[in-house]
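*Asks:* The following file, structure.csv, comprises CSV, C-alpha atoms and all ligand atoms:
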```
chain,number,residue,atom,x,y,z
S,1304,MET,CA,202.5,-61.0,131.7
S,1305,SER,CA,204.4,-62.4,128.6
S,1306,LYS,CA,206.1,-60.1,126.2
S,1307,VAL,CA,203.7,-58.3,123.9
S,1308,LYS,CA,203.9,-55.6,121.2
S,1309,VAL,CA,202.6,-52.3,122.5
S,1310,GLY,CA,201.3,-49.5,120.3
S,1311,VAL,CA,201.3,-46.1,122.1
S,1312,LEU,CA,199.2,-43.4,120.5
S,1313,GLY,CA,200.5,-40.1,121.7
S,1314,SER,CA,203.8,-38.2,121.5
S,1315,GLY,CA,203.4,-36.0,124.6
S,1316,ASP,CA,204.7,-36.7,128.1
S,1317,VAL,CA,202.1,-39.3,128.7
S,1318,GLY,CA,202.9,-41.3,125.6
S,1319,LYS,CA,206.6,-41.1,126.3
S,1320,SER,CA,206.1,-42.3,129.9
S,1321,PHE,CA,204.0,-45.2,128.7
S,1322,ALA,CA,206.7,-46.1,126.1
S,1323,ARG,CA,209.5,-46.0,128.7
S,1324,ALA,CA,207.5,-48.0,131.2
S,1325,PHE,CA,206.4,-50.7,128.8
S,1326,ALA,CA,210.0,-51.0,127.5
S,1327,ALA,CA,211.3,-51.2,131.0
S,1328,VAL,CA,209.1,-54.2,131.8
S,1329,GLY,CA,210.3,-56.0,128.6
S,1330,HIS,CA,207.7,-55.2,125.9
S,1331,GLU,CA,208.3,-54.0,122.4
S,1332,VAL,CA,206.9,-50.5,121.8
S,1333,MET,CA,205.9,-48.4,118.9
S,1334,ILE,CA,205.1,-44.8,119.9
S,1335,GLY,CA,202.8,-43.0,117.4
S,1336,SER,CA,202.4,-39.5,116.2
S,1337,ARG,CA,201.1,-37.6,113.2
S,1338,SER,CA,204.8,-36.6,112.8
S,1339,PRO,CA,206.9,-39.6,113.9
S,1340,GLU,CA,210.1,-37.9,112.8
S,1341,LYS,CA,209.8,-35.5,115.8
S,1342,LEU,CA,210.3,-38.6,118.1
S,1343,ALA,CA,213.8,-39.5,116.7
S,1344,GLU,CA,215.6,-38.1,119.7
S,1345,PHE,CA,213.3,-39.7,122.2
S,1346,VAL,CA,213.5,-43.1,120.5
S,1347,ALA,CA,217.3,-42.8,120.3
S,1348,GLY,CA,217.4,-42.2,124.1
S,1349,ALA,CA,214.7,-44.8,125.0
S,1350,GLY,CA,216.9,-47.8,124.2
S,1351,ALA,CA,216.3,-51.0,122.3
S,1352,GLY,CA,212.7,-52.0,122.0
S,1353,VAL,CA,211.2,-48.6,121.3
S,1354,ARG,CA,210.5,-47.3,117.8
S,1355,SER,CA,208.2,-44.7,116.4
S,1356,GLY,CA,205.6,-44.6,113.7
S,1357,THR,CA,202.4,-42.9,112.6
S,1358,PHE,CA,199.2,-43.4,114.6
S,1359,GLU,CA,198.1,-46.0,112.1
S,1360,GLU,CA,201.4,-47.9,112.2
S,1361,ALA,CA,201.4,-47.9,116.0
S,1362,ALA,CA,197.8,-49.2,116.1
S,1363,LYS,CA,198.6,-51.9,113.7
S,1364,PHE,CA,201.8,-52.8,115.6
S,1365,GLY,CA,200.2,-53.2,119.0
S,1366,ASP,CA,198.7,-56.3,120.4
S,1367,LEU,CA,198.0,-54.0,123.3
S,1368,ILE,CA,197.4,-50.3,122.7
S,1369,ALA,CA,197.8,-47.3,125.1
S,1370,LEU,CA,195.9,-44.2,124.1
S,1371,ALA,CA,197.6,-40.9,125.2
S,1372,THR,CA,196.2,-38.2,122.9
S,1373,LEU,CA,194.9,-34.7,123.6
S,1374,GLY,CA,191.3,-35.2,124.9
S,1375,GLU,CA,189.6,-33.0,122.3
S,1376,ALA,CA,191.7,-34.6,119.5
S,1377,THR,CA,191.2,-38.2,120.5
S,1378,SER,CA,188.4,-39.0,118.1
S,1379,GLU,CA,190.4,-37.5,115.2
S,1380,ALA,CA,193.6,-39.5,116.2
S,1381,LEU,CA,191.5,-42.7,116.3
S,1382,ARG,CA,190.0,-41.9,112.9
S,1383,VAL,CA,193.5,-41.4,111.5
S,1384,ALA,CA,194.7,-44.6,113.1
S,1385,GLY,CA,191.8,-46.6,111.6
S,1386,ALA,CA,189.2,-48.3,113.9
S,1387,GLU,CA,189.9,-51.6,112.1
S,1388,ASN,CA,193.4,-51.7,113.5
S,1389,PHE,CA,192.0,-52.0,117.1
S,1390,GLU,CA,189.7,-54.9,116.4
S,1391,GLY,CA,189.7,-57.4,119.3
S,1392,LYS,CA,192.6,-55.6,121.1
S,1393,VAL,CA,192.9,-54.3,124.6
S,1394,VAL,CA,193.1,-50.5,124.6
S,1395,ILE,CA,194.2,-48.6,127.7
S,1396,ASP,CA,192.5,-45.2,127.5
S,1397,ALA,CA,194.5,-42.7,129.6
S,1398,THR,CA,192.9,-39.6,128.0
S,1399,ASN,CA,191.0,-36.9,129.9
S,1400,PRO,CA,188.4,-34.6,128.4
S,1401,LEU,CA,190.1,-31.4,129.5
S,1402,ASP,CA,189.1,-28.0,128.1
S,1403,PHE,CA,191.8,-25.4,128.5
S,1404,SER,CA,190.0,-22.7,126.5
S,1405,THR,CA,189.3,-20.4,129.4
S,1406,GLY,CA,192.6,-20.9,131.1
S,1407,ALA,CA,191.9,-23.1,134.1
S,1408,PRO,CA,191.1,-26.6,133.0
S,1409,LYS,CA,187.6,-28.0,133.2
S,1410,LEU,CA,185.9,-31.1,131.7
S,1411,PHE,CA,184.1,-30.9,128.4
S,1412,ILE,CA,182.1,-34.2,128.9
S,1413,GLY,CA,180.3,-35.4,131.9
S,1414,PHE,CA,177.3,-36.8,133.8
S,1415,GLU,CA,175.7,-38.7,130.9
S,1416,ASP,CA,178.8,-39.6,128.9
S,1417,SER,CA,182.5,-39.8,129.1
S,1418,LEU,CA,185.5,-39.8,126.8
S,1419,GLY,CA,186.1,-43.4,127.8
S,1420,GLU,CA,182.6,-44.3,126.5
S,1421,GLN,CA,183.2,-42.3,123.3
S,1422,VAL,CA,186.4,-44.1,122.7
S,1423,GLN,CA,184.7,-47.5,123.2
S,1424,ARG,CA,181.8,-46.5,120.8
S,1425,GLN,CA,184.3,-45.4,118.2
S,1426,LEU,CA,186.4,-48.5,118.6
S,1427,SER,CA,183.4,-50.9,118.9
S,1428,GLY,CA,185.5,-54.0,118.2
S,1429,ALA,CA,188.1,-53.1,120.8
S,1430,ARG,CA,188.2,-53.8,124.5
S,1431,VAL,CA,188.7,-50.4,126.1
S,1432,VAL,CA,189.8,-50.0,129.7
S,1433,LYS,CA,190.1,-46.6,131.3
S,1434,ALA,CA,193.3,-46.5,133.3
S,1435,PHE,CA,196.2,-44.2,134.1
S,1436,ASN,CA,194.0,-41.1,133.7
S,1437,THR,CA,194.0,-40.4,137.4
S,1438,ALA,CA,197.8,-40.3,137.9
S,1439,GLY,CA,200.6,-38.0,136.7
S,1440,ASN,CA,202.7,-39.5,134.0
S,1441,THR,CA,205.9,-39.1,136.0
S,1442,LEU,CA,204.5,-41.6,138.5
S,1443,PHE,CA,203.3,-44.2,136.0
S,1444,TYR,CA,206.4,-46.4,136.5
S,1445,GLN,CA,207.6,-47.5,139.9
S,1446,PRO,CA,205.9,-44.9,142.0
S,1447,GLN,CA,207.6,-44.7,145.3
S,1448,PHE,CA,205.5,-43.5,148.3
S,1449,PRO,CA,206.1,-43.8,152.0
S,1450,GLY,CA,202.6,-45.3,152.4
S,1451,GLY,CA,203.3,-48.1,149.8
S,1452,PRO,CA,202.0,-48.5,146.3
S,1453,PRO,CA,199.3,-46.1,145.2
S,1454,ASP,CA,196.1,-47.5,143.5
S,1455,MET,CA,195.1,-47.2,139.9
S,1456,PHE,CA,191.4,-47.1,139.3
S,1457,ILE,CA,190.3,-48.9,136.1
S,1458,CYS,CA,187.0,-49.6,134.4
S,1459,GLY,CA,185.9,-51.3,131.2
S,1460,ASN,CA,183.3,-53.8,129.8
S,1461,ASP,CA,185.6,-56.8,129.3
S,1462,ASP,CA,186.8,-58.7,132.4
S,1463,ASP,CA,189.7,-60.4,130.6
S,1464,ALA,CA,190.9,-57.0,129.3
S,1465,LYS,CA,190.7,-55.6,132.8
S,1466,LYS,CA,192.7,-58.5,134.0
S,1467,ILE,CA,195.5,-57.7,131.5
S,1468,VAL,CA,195.4,-54.0,132.3
S,1469,GLY,CA,195.5,-54.9,136.0
S,1470,GLN,CA,198.7,-56.9,135.3
S,1471,VAL,CA,200.2,-53.9,133.5
S,1472,CYS,CA,199.4,-51.7,136.5
S,1473,GLN,CA,201.0,-54.2,138.9
S,1474,ALA,CA,204.1,-54.6,136.7
S,1475,PHE,CA,204.4,-50.8,136.8
S,1476,GLY,CA,204.2,-50.8,140.6
S,1477,TRP,CA,200.5,-50.0,141.3
S,1478,GLY,CA,197.6,-51.5,143.2
S,1479,VAL,CA,194.5,-51.9,141.1
S,1480,ILE,CA,190.8,-51.0,141.8
S,1481,ASP,CA,188.3,-52.1,139.3
S,1482,ILE,CA,185.2,-49.9,139.6
S,1483,GLY,CA,183.0,-51.5,136.9
S,1484,ALA,CA,182.0,-51.1,133.2
S,1485,ILE,CA,183.2,-48.3,130.8
S,1486,ASP,CA,180.4,-46.0,131.8
S,1487,SER,CA,182.2,-45.7,135.2
S,1488,ALA,CA,184.7,-43.5,133.2
S,1489,ARG,CA,182.2,-40.7,134.0
S,1490,TYR,CA,183.6,-40.9,137.6
S,1491,LEU,CA,187.2,-41.5,136.8
S,1492,GLU,CA,187.6,-38.5,134.5
S,1493,PRO,CA,186.5,-36.0,137.1
S,1494,MET,CA,189.0,-37.6,139.5
S,1495,CYS,CA,191.7,-36.3,137.1
S,1496,MET,CA,190.4,-32.8,137.9
S,1497,THR,CA,190.7,-33.4,141.6
S,1498,TRP,CA,194.3,-34.5,141.1
S,1499,VAL,CA,195.0,-31.4,138.9
S,1500,LEU,CA,193.3,-28.9,141.3
S,1501,HIS,CA,195.3,-30.3,144.2
S,1502,GLY,CA,198.5,-29.9,142.1
S,1503,ILE,CA,197.7,-26.3,141.3
S,1504,ARG,CA,196.9,-25.4,144.9
S,1505,SER,CA,199.8,-27.3,146.5
S,1506,GLY,CA,202.3,-26.5,143.7
S,1507,SER,CA,203.4,-30.1,143.8
S,1508,TRP,CA,202.7,-32.9,141.3
S,1509,THR,CA,203.9,-36.0,143.2
S,1510,HIS,CA,200.6,-37.1,144.7
S,1511,ALA,CA,198.6,-40.2,143.9
S,1512,TYR,CA,195.4,-41.9,145.0
S,1513,LYS,CA,195.2,-44.8,147.4
S,1514,MET,CA,192.0,-46.5,148.7
S,1515,LEU,CA,192.2,-47.3,152.4
S,1516,HIS,CA,190.5,-50.4,153.8
S,1517,LYS,CA,190.0,-51.9,157.2
S,1601,LIG,N1,199.9,-35.0,131.9
S,1601,LIG,C1,199.7,-36.1,132.6
S,1601,LIG,O1,200.5,-36.4,133.5
S,1601,LIG,C2,198.5,-36.9,132.3
S,1601,LIG,C3,198.2,-38.0,133.1
S,1601,LIG,C4,197.1,-38.8,132.8
S,1601,LIG,C5,196.4,-38.6,131.7
S,1601,LIG,N2,196.6,-37.5,130.9
S,1601,LIG,C6,195.9,-37.4,129.6
S,1601,LIG,O2,196.7,-38.0,128.6
S,1601,LIG,C7,196.5,-37.4,127.3
S,1601,LIG,C8,197.9,-37.0,126.8
S,1601,LIG,O3,198.5,-36.0,127.5
S,1601,LIG,P1,199.9,-35.3,127.1
S,1601,LIG,O4,200.1,-34.2,128.0
S,1601,LIG,O5,200.9,-36.4,127.0
S,1601,LIG,O6,199.7,-34.8,125.6
S,1601,LIG,P2,198.7,-33.9,124.9
S,1601,LIG,O7,199.4,-32.6,124.5
S,1601,LIG,O8,197.4,-33.8,125.6
S,1601,LIG,O9,198.4,-34.7,123.5
S,1601,LIG,C9,199.4,-35.0,122.6
S,1601,LIG,C10,199.0,-35.9,121.6
S,1601,LIG,O10,197.8,-35.5,121.0
S,1601,LIG,C11,197.9,-35.5,119.6
S,1601,LIG,N3,197.1,-34.5,119.0
S,1601,LIG,C12,196.9,-33.2,119.3
S,1601,LIG,N4,196.1,-32.6,118.4
S,1601,LIG,C13,195.7,-33.5,117.5
S,1601,LIG,C14,194.9,-33.5,116.4
S,1601,LIG,N5,194.3,-32.4,116.0
S,1601,LIG,N6,194.7,-34.6,115.7
S,1601,LIG,C15,195.3,-35.8,116.1
S,1601,LIG,N7,196.1,-35.9,117.2
S,1601,LIG,C16,196.3,-34.7,117.9
S,1601,LIG,C17,199.3,-35.2,119.4
S,1601,LIG,O11,199.7,-35.6,118.1
S,1601,LIG,P3,201.1,-35.4,117.4
S,1601,LIG,O12,201.9,-36.5,118.0
S,1601,LIG,O13,200.9,-35.6,116.0
S,1601,LIG,O14,201.6,-34.1,117.9
S,1601,LIG,C18,200.0,-35.9,120.5
S,1601,LIG,O15,200.3,-37.3,120.1
S,1601,LIG,C19,195.6,-36.3,127.6
S,1601,LIG,O16,194.3,-36.7,127.2
S,1601,LIG,C20,195.7,-36.0,129.1
S,1601,LIG,O17,194.6,-35.3,129.6
S,1601,LIG,C21,197.7,-36.7,131.2
```
Here is a file; write its structure as structure tokens.
Ligand SMILES: NC(=O)c1ccc[n+]([C@@H]2O[C@H](COP(=O)([O-])OP(=O)(O)OC[C@H]3O[C@@H](n4cnc5c(N)ncnc54)[C@H](OP(=O)(O)O)[C@@H]3O)[C@@H](O)[C@H]2O)c1
*Replies:*
Amino acid sequence: MSKVKVGVLGSGDVGKSFARAFAAVGHEVMIGSRSPEKLAEFVAGAGAGVRSGTFEEAAKFGDLIALATLGEATSEALRVAGAENFEGKVVIDATNPLDFSTGAPKLFIGFEDSLGEQVQRQLSGARVVKAFNTAGNTLFYQPQFPGGPPDMFICGNDDDAKKIVGQVCQAFGWGVIDIGAIDSARYLEPMCMTWVLHGIRSGSWTHAYKMLHK
């Protein structure tokens, strides 16, 4: 994949992991936040090729955009970023619709809709691909497992966009499994819960999915 400008929307651990990973494979990155000044230390340590901006600036900057915002705030973050700044672009949607209001996380969307579909509806001119929502962010880049590369499940409506996101996954060190159109996000978002619940029960956060074939 040739060098592109990547806009990362999200200043949490996931946004930072995306920024480091995209920079590590040679892309230019702008990581976005409502308060970009809080990213000064991160940007200083992330090396050349990473800068910070507002959500709107990061969306404008990116030819490719990675979305890493709090699930319940994703719609508001996209509104602030401006839907027009995503027009025609590939958007990796790594968000999960997690509700922490009662302590243990649970999903706040499901069965008949998904956050991935909501993002695609809100960014109707963009090519949204759900990806990186079923993996812990510390494993996004160069995941090392005795059983070989883990698999990233992806879905989206645009085949060319999925090809590009597949190349990103492979460049980061993942296998890729395309499970269909964006409505398949209804099944990828619950997979995040399986990953989280296993983490809570095992006390370990270094697991990842792999599809076995014979
Ligand atoms: N933790 C993981 O390893 C993991 C793995 C895969 C997917 N995910 C998903 O990735 C997403 C990001 O997770 P995270 O843990 O890095 O961060 P997070 O705490 O879930 O989200 C942080 C981002 O959400 C933005 N945000 C929060 N409230 C907002 C509001 N009211 N309006 C606009 N923006 C708001 C923050 O903006 P500011 O920058 O302005 O503070 C920040 O950029 C989540 O959807 C999560 O479920 C997590």
*Asks:* Could you put an axis-aligned box around every listed atom of ligand LIG 1601 (chain S), padded by 3 Å on each side, and send me its centre and edge lengths in Å to one decimal, as JSON?
*Replies:*
```
{"center_x": 198.1, "center_y": -35.6, "center_z": 124.6, "size_x": 13.6, "size_y": 12.4, "size_z": 23.8}
```
*Asks:* What residues have any atom no more than 7 Å from ligand LIG 1601 (chain S) when counting all atoms listed in the file, and can you list them as a CSV table (one decimal) with C-alpha atoms, in the frame of the given file?
*Replies:*
```csv
chain,number,residue,atom,x,y,z
S,1312,LEU,CA,199.2,-43.4,120.5
S,1313,GLY,CA,200.5,-40.1,121.7
S,1314,SER,CA,203.8,-38.2,121.5
S,1315,GLY,CA,203.4,-36.0,124.6
S,1316,ASP,CA,204.7,-36.7,128.1
S,1317,VAL,CA,202.1,-39.3,128.7
S,1318,GLY,CA,202.9,-41.3,125.6
S,1335,GLY,CA,202.8,-43.0,117.4
S,1336,SER,CA,202.4,-39.5,116.2
S,1337,ARG,CA,201.1,-37.6,113.2
S,1338,SER,CA,204.8,-36.6,112.8
S,1371,ALA,CA,197.6,-40.9,125.2
S,1372,THR,CA,196.2,-38.2,122.9
S,1373,LEU,CA,194.9,-34.7,123.6
S,1374,GLY,CA,191.3,-35.2,124.9
S,1376,ALA,CA,191.7,-34.6,119.5
S,1377,THR,CA,191.2,-38.2,120.5
S,1379,GLU,CA,190.4,-37.5,115.2
S,1380,ALA,CA,193.6,-39.5,116.2
S,1397,ALA,CA,194.5,-42.7,129.6
S,1398,THR,CA,192.9,-39.6,128.0
S,1399,ASN,CA,191.0,-36.9,129.9
S,1400,PRO,CA,188.4,-34.6,128.4
S,1401,LEU,CA,190.1,-31.4,129.5
S,1435,PHE,CA,196.2,-44.2,134.1
S,1436,ASN,CA,194.0,-41.1,133.7
S,1437,THR,CA,194.0,-40.4,137.4
S,1438,ALA,CA,197.8,-40.3,137.9
S,1439,GLY,CA,200.6,-38.0,136.7
S,1440,ASN,CA,202.7,-39.5,134.0
S,1441,THR,CA,205.9,-39.1,136.0
```
*Asks:* From the list S:Ala1474, S:Ile1457, S:Ala1434, S:Ala1488, which residue is nearest Glu1415 (chain S) when using all atoms listed in the file?
*Replies:* S:Ala1488
*Asks:* Counting all atoms listed in the file, what is within 9 Å of Pro1446 (chain S), bar same-chain residues fewer than 2 positions away, as a PyMOL selection string?
*Replies:* chain S and resi 1441-1444+1448+1451-1453+1475-1477+1511
*Asks:* Can I get the selection written as a compact mmCIF listing (two decimals), in the coordinates of the input, with C-alpha atoms?
*Replies:*
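And here's part_17.txt as it stands now:
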```
# COMPACT_ATOMS: atom_id res chain seq x y z
CA THR S 1441 205.90 -39.10 136.00
CA LEU S 1442 204.50 -41.60 138.50
CA PHE S 1443 203.30 -44.20 136.00
CA TYR S 1444 206.40 -46.40 136.50
CA PHE S 1448 205.50 -43.50 148.30
CA GLY S 1451 203.30 -48.10 149.80
CA PRO S 1452 202.00 -48.50 146.30
CA PRO S 1453 199.30 -46.10 145.20
CA PHE S 1475 204.40 -50.80 136.80
CA GLY S 1476 204.20 -50.80 140.60
CA TRP S 1477 200.50 -50.00 141.30
CA ALA S 1511 198.60 -40.20 143.90
```
*Asks:* What's around Lys1308 (chain S) at 10 Å? Count only C-alpha atoms, leave out sequence neighbours fewer than 4 positions away in its own chain, and write the answer as a PyMOL selection string.
*Replies:* chain S and resi 1325-1326+1329-1333+1352+1361+1363-1368
*Asks:* With C-alpha atoms retained, could you export that selection as an mmCIF file, keeping the file's coordinate frame?
*Replies:*
```cif
data_model
loop_
_atom_site.group_PDB
_atom_site.id
_atom_site.type_symbol
_atom_site.label_atom_id
_atom_site.label_comp_id
_atom_site.auth_asym_id
_atom_site.auth_seq_id
_atom_site.Cartn_x
_atom_site.Cartn_y
_atom_site.Cartn_z
ATOM 1 C CA PHE S 1325 206.400 -50.700 128.800
ATOM 2 C CA ALA S 1326 210.000 -51.000 127.500
ATOM 3 C CA GLY S 1329 210.300 -56.000 128.600
ATOM 4 C CA HIS S 1330 207.700 -55.200 125.900
ATOM 5 C CA GLU S 1331 208.300 -54.000 122.400
ATOM 6 C CA VAL S 1332 206.900 -50.500 121.800
ATOM 7 C CA MET S 1333 205.900 -48.400 118.900
ATOM 8 C CA GLY S 1352 212.700 -52.000 122.000
ATOM 9 C CA ALA S 1361 201.400 -47.900 116.000
ATOM 10 C CA LYS S 1363 198.600 -51.900 113.700
ATOM 11 C CA PHE S 1364 201.800 -52.800 115.600
ATOM 12 C CA GLY S 1365 200.200 -53.200 119.000
ATOM 13 C CA ASP S 1366 198.700 -56.300 120.400
ATOM 14 C CA LEU S 1367 198.000 -54.000 123.300
ATOM 15 C CA ILE S 1368 197.400 -50.300 122.700
#
```
*Asks:* Could you give me, as number ranges by chain, the residues within 9 Å of Ile1334 (chain S), counting all atoms listed in the file and dropping anything in the same chain fewer than 4 positions from it?
*Replies:* S: 1309-1314, 1318-1319, 1321-1322, 1339, 1342, 1346, 1353-1358, 1361
*Asks:* Dump C-alpha atoms for the selected residues as a compact mmCIF listing (two decimals), in the coordinates of the input?
*Replies:*
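The resulting file, result_24.txt, is shown below:
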```txt
# COMPACT_ATOMS: atom_id res chain seq x y z
CA VAL S 1309 202.60 -52.30 122.50
CA GLY S 1310 201.30 -49.50 120.30
CA VAL S 1311 201.30 -46.10 122.10
CA LEU S 1312 199.20 -43.40 120.50
CA GLY S 1313 200.50 -40.10 121.70
CA SER S 1314 203.80 -38.20 121.50
CA GLY S 1318 202.90 -41.30 125.60
CA LYS S 1319 206.60 -41.10 126.30
CA PHE S 1321 204.00 -45.20 128.70
CA ALA S 1322 206.70 -46.10 126.10
CA PRO S 1339 206.90 -39.60 113.90
CA LEU S 1342 210.30 -38.60 118.10
CA VAL S 1346 213.50 -43.10 120.50
CA VAL S 1353 211.20 -48.60 121.30
CA ARG S 1354 210.50 -47.30 117.80
CA SER S 1355 208.20 -44.70 116.40
CA GLY S 1356 205.60 -44.60 113.70
CA THR S 1357 202.40 -42.90 112.60
CA PHE S 1358 199.20 -43.40 114.60
CA ALA S 1361 201.40 -47.90 116.00
```
*Asks:* Rounded to one decimal, what separation in Å do you get between CA of Ala1369 (chain S) and CA of Trp1508 (chain S)?
*Replies:*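 Rounded to one decimal, the two atoms are 22.2 Å apart.
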*Asks:* Could you give me, as a compact mmCIF listing (two decimals) with C-alpha atoms, keeping the file's coordinate frame, the residues within 12 Å of Ala1407 (chain S), counting only C-alpha atoms and dropping anything in the same chain fewer than 3 positions from it?
*Replies:*
```txt
# COMPACT_ATOMS: atom_id res chain seq x y z
CA LEU S 1401 190.10 -31.40 129.50
CA ASP S 1402 189.10 -28.00 128.10
CA PHE S 1403 191.80 -25.40 128.50
CA SER S 1404 190.00 -22.70 126.50
CA LEU S 1410 185.90 -31.10 131.70
CA MET S 1496 190.40 -32.80 137.90
CA VAL S 1499 195.00 -31.40 138.90
CA LEU S 1500 193.30 -28.90 141.30
CA ILE S 1503 197.70 -26.30 141.30
```
*Asks:* Can you work out which one of S:Gly1413, S:Gly1406, S:Gly1419, S:Gly1478 has the shortest atom-to-atom distance to Cys1458 (chain S), counting all atoms listed in the file?
*Replies:*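 Result for the nearest residue to Cys1458 (chain S): S:Gly1419.
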*Asks:* Could you check how far CA of Val1328 (chain S) sits from CA of Gln1470 (chain S), in Å to one decimal?
*Replies:*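 Value for the CA of Val1328 (chain S)-CA of Gln1470 (chain S) distance: 11.3 Å.
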*Asks:* I'd like the contact shell of Asp1461 (chain S) - 9 Å cut-off, only C-alpha atoms, skipping same-chain residues fewer than 5 positions apart - returned as an MDAnalysis selection string.
*Replies:* chainID S and resid 1430:1432 1466 1484:1485
*Asks:* Rounded to one decimal, what separation in Å do you get between CA of Phe1414 (chain S) and CA of Asp1396 (chain S)?
*Replies:*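 Computing it gives 18.5 Å between the two atoms.
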*Asks:* Smallest atom-to-atom distance to Leu1381 (chain S): which of S:Gln1425, S:Ser1417, S:Thr1405, S:Asn1460, using only C-alpha atoms?
*Replies:* S:Gln1425
*Asks:* Restricting the calculation to all atoms listed in the file: of S:Met1455, S:Asp1462, S:Glu1375, S:Trp1498, which residue gets closest to Met1514 (chain S)?
*Replies:*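 That would be S:Met1455, the residue with the smallest distance to Met1514 (chain S).
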